[in-house]
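Asks: Sharing protein-v7.csv here; it has CSV, C-alpha atoms.
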chain,number,residue,atom,x,y,z
A,1,MET,CA,177.6,280.1,122.7
A,2,GLN,CA,177.2,276.3,122.9
A,3,LYS,CA,175.8,274.7,119.8
A,4,GLN,CA,172.6,272.7,120.0
A,5,LYS,CA,173.1,269.0,119.4
A,6,LEU,CA,171.7,267.4,116.3
A,7,LEU,CA,171.7,263.6,116.6
A,8,PHE,CA,171.5,261.5,113.4
A,9,VAL,CA,170.2,258.0,114.1
A,10,GLY,CA,171.2,255.8,111.2
A,11,TYR,CA,173.8,255.7,108.4
A,12,GLY,CA,172.1,254.5,105.3
A,13,HIS,CA,171.5,256.1,101.9
A,14,MET,CA,168.8,258.5,103.2
A,15,ALA,CA,171.0,259.5,106.1
A,16,LEU,CA,173.9,260.2,103.8
A,17,ALA,CA,171.7,262.3,101.5
A,18,ILE,CA,170.4,264.3,104.5
A,19,ILE,CA,173.9,264.8,105.9
A,20,LYS,CA,175.3,266.1,102.6
A,21,GLY,CA,172.4,268.5,102.3
A,22,ALA,CA,173.0,269.7,105.9
A,23,LEU,CA,176.7,270.3,105.2
A,24,ASN,CA,175.9,272.1,102.0
A,25,ALA,CA,173.6,274.4,104.1
A,26,ASN,CA,176.4,274.9,106.6
A,27,LEU,CA,174.3,273.5,109.5
A,28,ASN,CA,177.4,272.3,111.2
A,29,GLN,CA,178.2,276.0,111.9
A,30,LYS,CA,175.1,276.1,114.1
A,31,TYR,CA,174.7,272.6,115.4
A,32,HIS,CA,177.0,270.1,117.0
A,33,PHE,CA,176.6,266.9,114.8
A,34,GLU,CA,176.3,263.5,116.6
A,35,ILE,CA,175.6,260.2,115.0
A,36,THR,CA,174.7,256.7,116.2
A,37,GLY,CA,173.8,253.3,114.7
A,38,ARG,CA,173.3,249.7,115.6
A,39,SER,CA,176.8,248.7,114.4
A,40,PRO,CA,179.8,250.8,115.7
A,41,ASP,CA,182.2,249.3,113.2
A,42,ARG,CA,179.9,249.9,110.2
A,43,LEU,CA,179.2,253.4,111.4
A,44,LYS,CA,183.0,254.2,111.6
A,45,ASP,CA,183.4,252.7,108.1
A,46,PHE,CA,180.5,254.9,106.8
A,47,LEU,CA,182.1,258.1,108.2
A,48,LYS,CA,185.5,257.2,106.8
A,49,LEU,CA,184.2,256.2,103.4
A,50,HIS,CA,182.4,259.5,102.9
A,51,LYS,CA,185.1,261.6,104.7
A,52,LEU,CA,182.8,262.7,107.4
A,53,GLU,CA,184.8,261.9,110.5
A,54,SER,CA,185.7,265.5,111.3
A,55,TYR,CA,182.0,266.6,111.4
A,56,PHE,CA,180.6,264.0,113.8
A,57,THR,CA,180.9,262.8,117.4
A,58,ILE,CA,180.0,259.1,117.5
A,59,ILE,CA,177.5,258.3,120.3
A,60,SER,CA,177.4,254.7,121.6
A,61,SER,CA,174.0,253.0,121.3
A,62,GLU,CA,175.0,249.8,123.2
A,63,CYS,CA,173.3,250.8,126.4
A,64,LYS,CA,171.2,253.9,126.7
A,65,LEU,CA,171.0,256.7,124.2
A,66,ASP,CA,170.7,260.1,126.0
A,67,ILE,CA,168.6,262.4,123.9
A,68,THR,CA,168.0,265.2,126.5
A,69,ASP,CA,167.3,268.5,124.7
A,70,LYS,CA,168.7,267.2,121.5
A,71,ILE,CA,167.2,267.4,118.0
A,72,VAL,CA,166.9,263.7,117.0
A,73,LEU,CA,166.8,262.9,113.3
A,74,LEU,CA,165.6,259.4,112.6
A,75,CYS,CA,167.1,258.1,109.4
A,76,ILE,CA,166.6,254.4,110.0
A,77,LYS,CA,164.3,251.7,108.6
A,78,PRO,CA,160.9,251.7,110.3
A,79,TYR,CA,161.6,248.4,112.1
A,80,GLY,CA,164.9,249.9,113.5
A,81,ILE,CA,163.2,252.4,115.8
A,82,SER,CA,163.0,249.7,118.6
A,83,SER,CA,166.7,248.9,118.4
A,84,PHE,CA,167.6,251.8,120.6
A,85,ASN,CA,166.9,252.7,124.3
A,86,TYR,CA,166.2,256.4,124.3
A,87,ILE,CA,166.4,258.2,127.6
A,88,GLY,CA,165.6,261.8,128.4
A,89,LYS,CA,163.3,264.2,126.5
A,90,ALA,CA,164.4,265.5,123.1
A,91,TYR,CA,163.9,269.1,122.0
A,92,ALA,CA,162.5,267.8,118.7
A,93,CYS,CA,162.3,264.5,116.9
A,94,LEU,CA,162.4,264.6,113.1
A,95,SER,CA,161.5,261.3,111.4
A,96,VAL,CA,161.9,260.3,107.7
A,97,LEU,CA,160.4,256.8,108.5
A,98,ALA,CA,157.7,255.8,106.0
A,99,GLY,CA,154.5,254.4,107.4
A,100,THR,CA,155.5,255.2,111.0
A,101,ASP,CA,153.1,257.7,112.6
A,102,ILE,CA,153.9,260.1,115.5
A,103,GLN,CA,151.8,258.0,117.9
A,104,THR,CA,154.2,255.0,117.3
A,105,ILE,CA,157.3,257.1,117.4
A,106,SER,CA,156.3,258.7,120.7
A,107,ARG,CA,156.1,255.2,122.3
A,108,TYR,CA,159.9,255.0,121.9
A,109,ILE,CA,161.0,258.6,122.0
A,110,ASP,CA,159.9,261.3,124.4
A,111,SER,CA,160.1,264.7,122.8
A,112,LYS,CA,158.7,268.2,123.2
A,113,GLY,CA,157.7,268.1,119.5
A,114,TYR,CA,157.6,265.7,116.6
A,115,VAL,CA,158.1,266.3,112.9
A,116,ARG,CA,157.5,263.9,110.0
A,117,ILE,CA,159.1,264.6,106.7
A,118,MET,CA,159.2,262.4,103.5
A,119,PRO,CA,162.3,263.4,101.5
A,120,ASN,CA,164.0,261.7,98.6
A,121,THR,CA,167.8,261.3,98.0
A,122,ALA,CA,167.9,264.6,96.1
A,123,ALA,CA,168.2,266.0,99.6
A,124,SER,CA,172.0,265.6,99.1
A,125,TYR,CA,171.8,268.5,96.7
A,126,GLN,CA,169.2,270.3,98.7
A,127,LYS,CA,166.7,269.5,95.9
A,128,SER,CA,164.3,267.1,97.6
A,129,SER,CA,160.7,268.0,97.4
A,130,SER,CA,159.1,267.0,100.7
A,131,ALA,CA,155.9,267.2,102.7
A,132,VAL,CA,156.2,268.1,106.4
A,133,PHE,CA,153.9,267.6,109.3
A,134,CYS,CA,154.6,269.1,112.7
A,135,SER,CA,153.1,268.2,116.1
A,136,GLY,CA,153.9,270.1,119.3
A,137,ILE,CA,156.4,272.4,117.6
A,138,GLN,CA,156.3,275.3,115.2
A,139,ILE,CA,158.1,274.7,111.9
A,140,GLU,CA,159.9,278.0,112.2
A,141,LEU,CA,161.9,276.5,115.2
A,142,ILE,CA,163.5,273.9,113.0
A,143,GLU,CA,163.1,275.6,109.6
A,144,ASP,CA,166.8,275.7,108.8
A,145,ILE,CA,167.0,271.9,109.1
A,146,ILE,CA,163.9,271.3,107.1
A,147,LEU,CA,165.0,273.7,104.3
A,148,SER,CA,168.4,271.9,104.1
A,149,PHE,CA,166.4,269.0,102.5
A,150,GLY,CA,165.2,271.3,99.7
A,151,ASN,CA,161.7,272.5,98.8
A,152,CYS,CA,159.1,271.7,101.5
A,153,ILE,CA,155.4,272.1,101.9
A,154,GLU,CA,153.7,271.9,105.3
A,155,VAL,CA,150.6,269.7,105.5
A,156,ASN,CA,148.0,269.8,108.3
A,157,ASN,CA,147.1,266.1,108.1
A,158,GLU,CA,149.7,263.5,109.1
A,159,ASN,CA,148.2,261.0,106.6
A,160,LEU,CA,149.4,263.2,103.8
A,161,ILE,CA,153.0,262.4,104.7
A,162,ASP,CA,152.6,258.9,103.4
A,163,ALA,CA,150.6,260.2,100.5
A,164,SER,CA,153.6,262.3,99.4
A,165,ILE,CA,155.5,259.0,98.7
A,166,ALA,CA,153.6,259.0,95.4
A,167,THR,CA,154.6,262.5,94.4
A,168,SER,CA,158.1,262.8,95.8
A,169,GLY,CA,159.3,260.0,98.0
A,170,SER,CA,159.4,257.2,95.5
A,171,ALA,CA,158.9,259.3,92.4
A,172,PRO,CA,162.6,259.8,91.5
A,173,ALA,CA,162.8,256.0,91.0
A,174,PHE,CA,159.8,256.1,88.7
A,175,ILE,CA,161.2,259.0,86.8
A,176,ALA,CA,164.6,257.3,86.6
A,177,LEU,CA,162.9,254.3,85.0
A,178,ILE,CA,161.4,256.6,82.3
A,179,ALA,CA,164.7,258.3,81.8
A,180,GLN,CA,166.4,255.0,81.2
A,181,ALA,CA,163.7,254.0,78.7
A,182,LEU,CA,164.3,257.3,76.8
A,183,ILE,CA,168.0,256.7,76.7
A,184,ASP,CA,167.4,253.2,75.4
A,185,SER,CA,165.0,254.6,72.8
A,186,GLY,CA,167.7,256.9,71.5
A,187,VAL,CA,170.2,253.9,71.3
A,188,ARG,CA,167.6,251.9,69.4
A,189,GLU,CA,167.3,254.7,66.8
A,190,GLY,CA,171.1,254.8,66.3
A,191,LEU,CA,172.5,257.3,68.9
A,192,THR,CA,175.4,256.1,71.0
A,193,ARG,CA,174.6,255.5,74.7
A,194,SER,CA,176.7,258.5,75.7
A,195,GLN,CA,175.0,260.7,73.1
A,196,SER,CA,171.5,259.6,74.1
A,197,LYS,CA,172.3,260.0,77.8
A,198,ALA,CA,173.5,263.6,77.3
A,199,LEU,CA,170.4,264.5,75.3
A,200,VAL,CA,168.0,263.0,77.9
A,201,ARG,CA,169.8,264.7,80.8
A,202,GLY,CA,169.6,268.0,79.0
A,203,MET,CA,166.0,267.4,78.2
A,204,PHE,CA,165.2,266.8,81.9
A,205,ASP,CA,167.0,270.0,82.9
A,206,GLY,CA,165.0,272.0,80.4
A,207,PHE,CA,161.8,270.2,81.4
A,208,ALA,CA,162.2,271.2,85.0
A,209,LYS,CA,162.3,274.8,84.0
A,210,LEU,CA,159.2,274.4,81.8
A,211,LEU,CA,157.3,272.7,84.6
A,212,ASN,CA,158.1,275.6,86.9
A,213,ASN,CA,156.4,278.0,84.6
A,214,GLN,CA,153.7,275.9,82.8
A,215,GLU,CA,151.1,273.3,83.5
A,216,PRO,CA,151.8,269.8,82.2
A,217,GLN,CA,149.0,270.0,79.7
A,218,GLU,CA,150.4,273.4,78.4
A,219,ILE,CA,153.7,271.7,77.8
A,220,ILE,CA,152.0,268.9,75.9
A,221,ASP,CA,149.9,271.2,73.8
A,222,ALA,CA,152.9,273.4,72.9
A,223,ILE,CA,154.9,270.4,71.6
A,224,THR,CA,152.1,268.4,69.9
A,225,SER,CA,151.4,269.5,66.4
A,226,PRO,CA,148.4,268.1,64.5
A,227,GLY,CA,149.3,264.9,62.7
A,228,GLY,CA,152.9,265.3,63.9
A,229,THR,CA,155.5,263.1,65.5
A,230,THR,CA,154.7,263.8,69.1
A,231,ILE,CA,151.0,262.9,68.9
A,232,GLU,CA,152.0,259.7,67.3
A,233,GLY,CA,154.2,258.8,70.2
A,234,LEU,CA,151.6,260.0,72.8
A,235,SER,CA,149.0,257.8,71.2
A,236,ILE,CA,151.2,254.7,71.9
A,237,LEU,CA,151.8,255.8,75.5
A,238,GLU,CA,148.0,256.2,76.0
A,239,LYS,CA,147.3,252.9,74.3
A,240,HIS,CA,149.6,251.1,76.8
A,241,GLY,CA,148.1,252.9,79.7
A,242,ILE,CA,151.2,254.7,80.9
A,243,ARG,CA,149.3,257.4,82.8
A,244,GLY,CA,147.2,254.8,84.7
A,245,ALA,CA,150.3,252.7,85.4
A,246,ILE,CA,152.1,255.6,87.0
A,247,ILE,CA,149.1,256.5,89.1
A,248,GLU,CA,148.8,252.9,90.2
A,249,ALA,CA,152.5,252.7,91.0
A,250,GLY,CA,152.2,255.7,93.3
A,251,HIS,CA,149.1,254.2,94.9
A,252,GLN,CA,150.7,250.9,95.6
A,253,ALA,CA,153.8,252.6,97.1
A,254,VAL,CA,151.7,254.5,99.5
A,255,LEU,CA,149.7,251.3,100.5
A,256,LYS,CA,153.0,249.5,101.1
A,257,ALA,CA,154.1,252.3,103.5
A,258,LYS,CA,150.8,252.1,105.4
A,259,LYS,CA,151.2,248.4,105.8
If you convert what's in this file into structure tokens, what do you get?

Replies:
Amino acid sequence: MQKQKLLFVGYGHMALAIIKGALNANLNQKYHFEITGRSPDRLKDFLKLHKLESYFTIISSECKLDITDKIVLLCIKPYGISSFNYIGKAYACLSVLAGTDIQTISRYIDSKGYVRIMPNTAASYQKSSSAVFCSGIQIELIEDIILSFGNCIEVNNENLIDASIATSGSAPAFIALIAQALIDSGVREGLTRSQSKALVRGMFDGFAKLLNNQEPQEIIDAITSPGGTTIEGLSILEKHGIRGAIIEAGHQAVLKAKK
């Protein structure tokens, strides 16, 4: 039986994360992987660097890009969508482009169905948490691809795809900044950097399990003793408006996508 063709458009950080997740999910057993990009030389270097040559057929984008009956996965920057001349009608078009709605995508790509998904780079470990919106196609028909990203929730309003930038798309960078601050905090108090890093990594691993079973406020209440160390630290965070700053960071990230 002939494999359906899955065409990756782009070869950046997000494309690499998605490819790693797809391979971890063994999607190459079901789909024939193709890849294209604006620079053939850079694309070849990308595949060689990450030892992916054996998994992909390179498709030239210099003239016309035939997408007939293929599943097209857009992993490029939003402005890059106009760099290709797509011909034919795709089986499905999956886009990870921020701030680029289906109406815009459909002006460049003709497809039986469109899917927007907003993953993060944890997709390489199949651990991205992503919002998904489908138009003209049932999610079950491409569910194996969607689940290779990680945990997904389907939304019924396309605007919520950009909204999820605040909760999952950009959020790993926000959390990484907090993680770095905690590591520096440990160093300030006398731990070596390697000791502090090991403790913070272990804490995040444990925290993920707590969050799966408890509400955030329940975690706070369980740790915070009257007149204790934790409430002392929390009062400083509240004094500096950390909660509001994080909410505003998410809001501004979403506004940037919409612009």

Asks: Env of Tyr86 of chain A: 9 Å cut, atoms = only C-alpha atoms, seq-sep filter 6 positions within chain, self excluded. Answer as a PDB file with C-alpha atoms, in the coordinates of the input.

Replies:
ATOM      1  CA  LYS A  64     171.200 253.900 126.700  1.00  0.00           C
ATOM      2  CA  LEU A  65     171.000 256.700 124.200  1.00  0.00           C
ATOM      3  CA  ASP A  66     170.700 260.100 126.000  1.00  0.00           C
ATOM      4  CA  ILE A  67     168.600 262.400 123.900  1.00  0.00           C
ATOM      5  CA  TYR A 108     159.900 255.000 121.900  1.00  0.00           C
ATOM      6  CA  ILE A 109     161.000 258.600 122.000  1.00  0.00           C
ATOM      7  CA  ASP A 110     159.900 261.300 124.400  1.00  0.00           C
TER       8      ASP A 110
END

Asks: How many Å separate atom CA of Phe174 of chain A from atom CA of Ile231 of chain A?

Replies: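 Calculated distance between atom CA of Phe174 of chain A and atom CA of Ile231 of chain A is 22.7 Å.
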
Asks: Please list as a PDB file with C-alpha atoms, in the coordinates of the input every residue within 9 Å of Asn151 of chain A, counting all atoms listed in the file and excluding residues in the same chain fewer than 3 positions away.

Replies:
ATOM      1  CA  GLN A 126     169.200 270.300  98.700  1.00  0.00           C
ATOM      2  CA  LYS A 127     166.700 269.500  95.900  1.00  0.00           C
ATOM      3  CA  SER A 128     164.300 267.100  97.600  1.00  0.00           C
ATOM      4  CA  SER A 129     160.700 268.000  97.400  1.00  0.00           C
ATOM      5  CA  SER A 130     159.100 267.000 100.700  1.00  0.00           C
ATOM      6  CA  ALA A 131     155.900 267.200 102.700  1.00  0.00           C
ATOM      7  CA  ILE A 146     163.900 271.300 107.100  1.00  0.00           C
ATOM      8  CA  LEU A 147     165.000 273.700 104.300  1.00  0.00           C
ATOM      9  CA  SER A 148     168.400 271.900 104.100  1.00  0.00           C
TER      10      SER A 148
END

Asks: When you look at Thr100 of chain A with a cut-off of 10 Å (counting all atoms listed in the file), what residues show up, excluding the ones that are within fewer than 2 positions of it in the same chain? I need them as a PyMOL selection string.

Replies: chain A and resi 77-79+81+95-98+102-105+116+161-162+257-259

Asks: Between A:Val132, A:Met203, A:Ile219, A:Ile242, which residue has the minimum interatomic distance to Ile117 of chain A, considering all atoms listed in the file?

Replies: A:Val132

Asks: So the first atom is atom CA of Leu43 of chain A and the second is atom CA of Ser124 of chain A; what is the distance between them in Å, to one decimal place?

Replies: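 According to the coordinates, atom CA of Leu43 of chain A and atom CA of Ser124 of chain A are separated by 18.8 Å.
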
Asks: How close does each residue of segment 39-120 of chain A get to segment 22-34 of chain A, giving the shortest atom pair and distance in Å to one decimal for every residue with an atom at most 7 Å away, counting all atoms listed in the file, sorted by chain and residue number, as JSON lines?

Replies:
{"residue": "A:Tyr55", "atom": "CA", "partner": "A:Phe33", "partner_atom": "CA", "distance": 6.4}
{"residue": "A:Phe56", "atom": "CA", "partner": "A:Phe33", "partner_atom": "CA", "distance": 5.0}
{"residue": "A:Thr57", "atom": "CA", "partner": "A:Glu34", "partner_atom": "CA", "distance": 4.7}
{"residue": "A:Ile58", "atom": "CA", "partner": "A:Glu34", "partner_atom": "CA", "distance": 5.8}
{"residue": "A:Ile59", "atom": "CA", "partner": "A:Glu34", "partner_atom": "CA", "distance": 6.5}

Asks: One number please: atom CA of Gly202 of chain A to atom CA of Ala15 of chain A, in Å, one decimal.

Replies: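 Rounded to one decimal, the two atoms are 28.4 Å apart.
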
Asks: Taking all atoms listed in the file into account, name the residue in A:Pro172, A:Gly21, A:Pro226, A:Gly244 that is nearest to Gly150 of chain A.

Replies: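 Smallest separation from Gly150 of chain A among the options: A:Gly21.
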
Asks: Find the spatial neighbours of segment 233-238 of chain A, counting all atoms listed in the file, within a cut-off of 12 Å - ignore same-chain residues fewer than 4 positions away - and output them as a PyMOL selection string.

Replies: chain A and resi 178+185+220-221+223-225+227-229+242-246

Asks: Name all residues at most 7 Å from Cys93 of chain A (count only C-alpha atoms; drop same-chain ones fewer than 6 positions away) and give them as a PyMOL selection string.

Replies: chain A and resi 71-73+111+113-115

Asks: Go through A:Ala166, A:Leu182, A:Ala173, A:Leu211 one by one, measure the shortest atom-to-atom distance of each to Ile247 of chain A using all atoms listed in the file, and give the residue with the smallest value.

Replies: A:Ala166
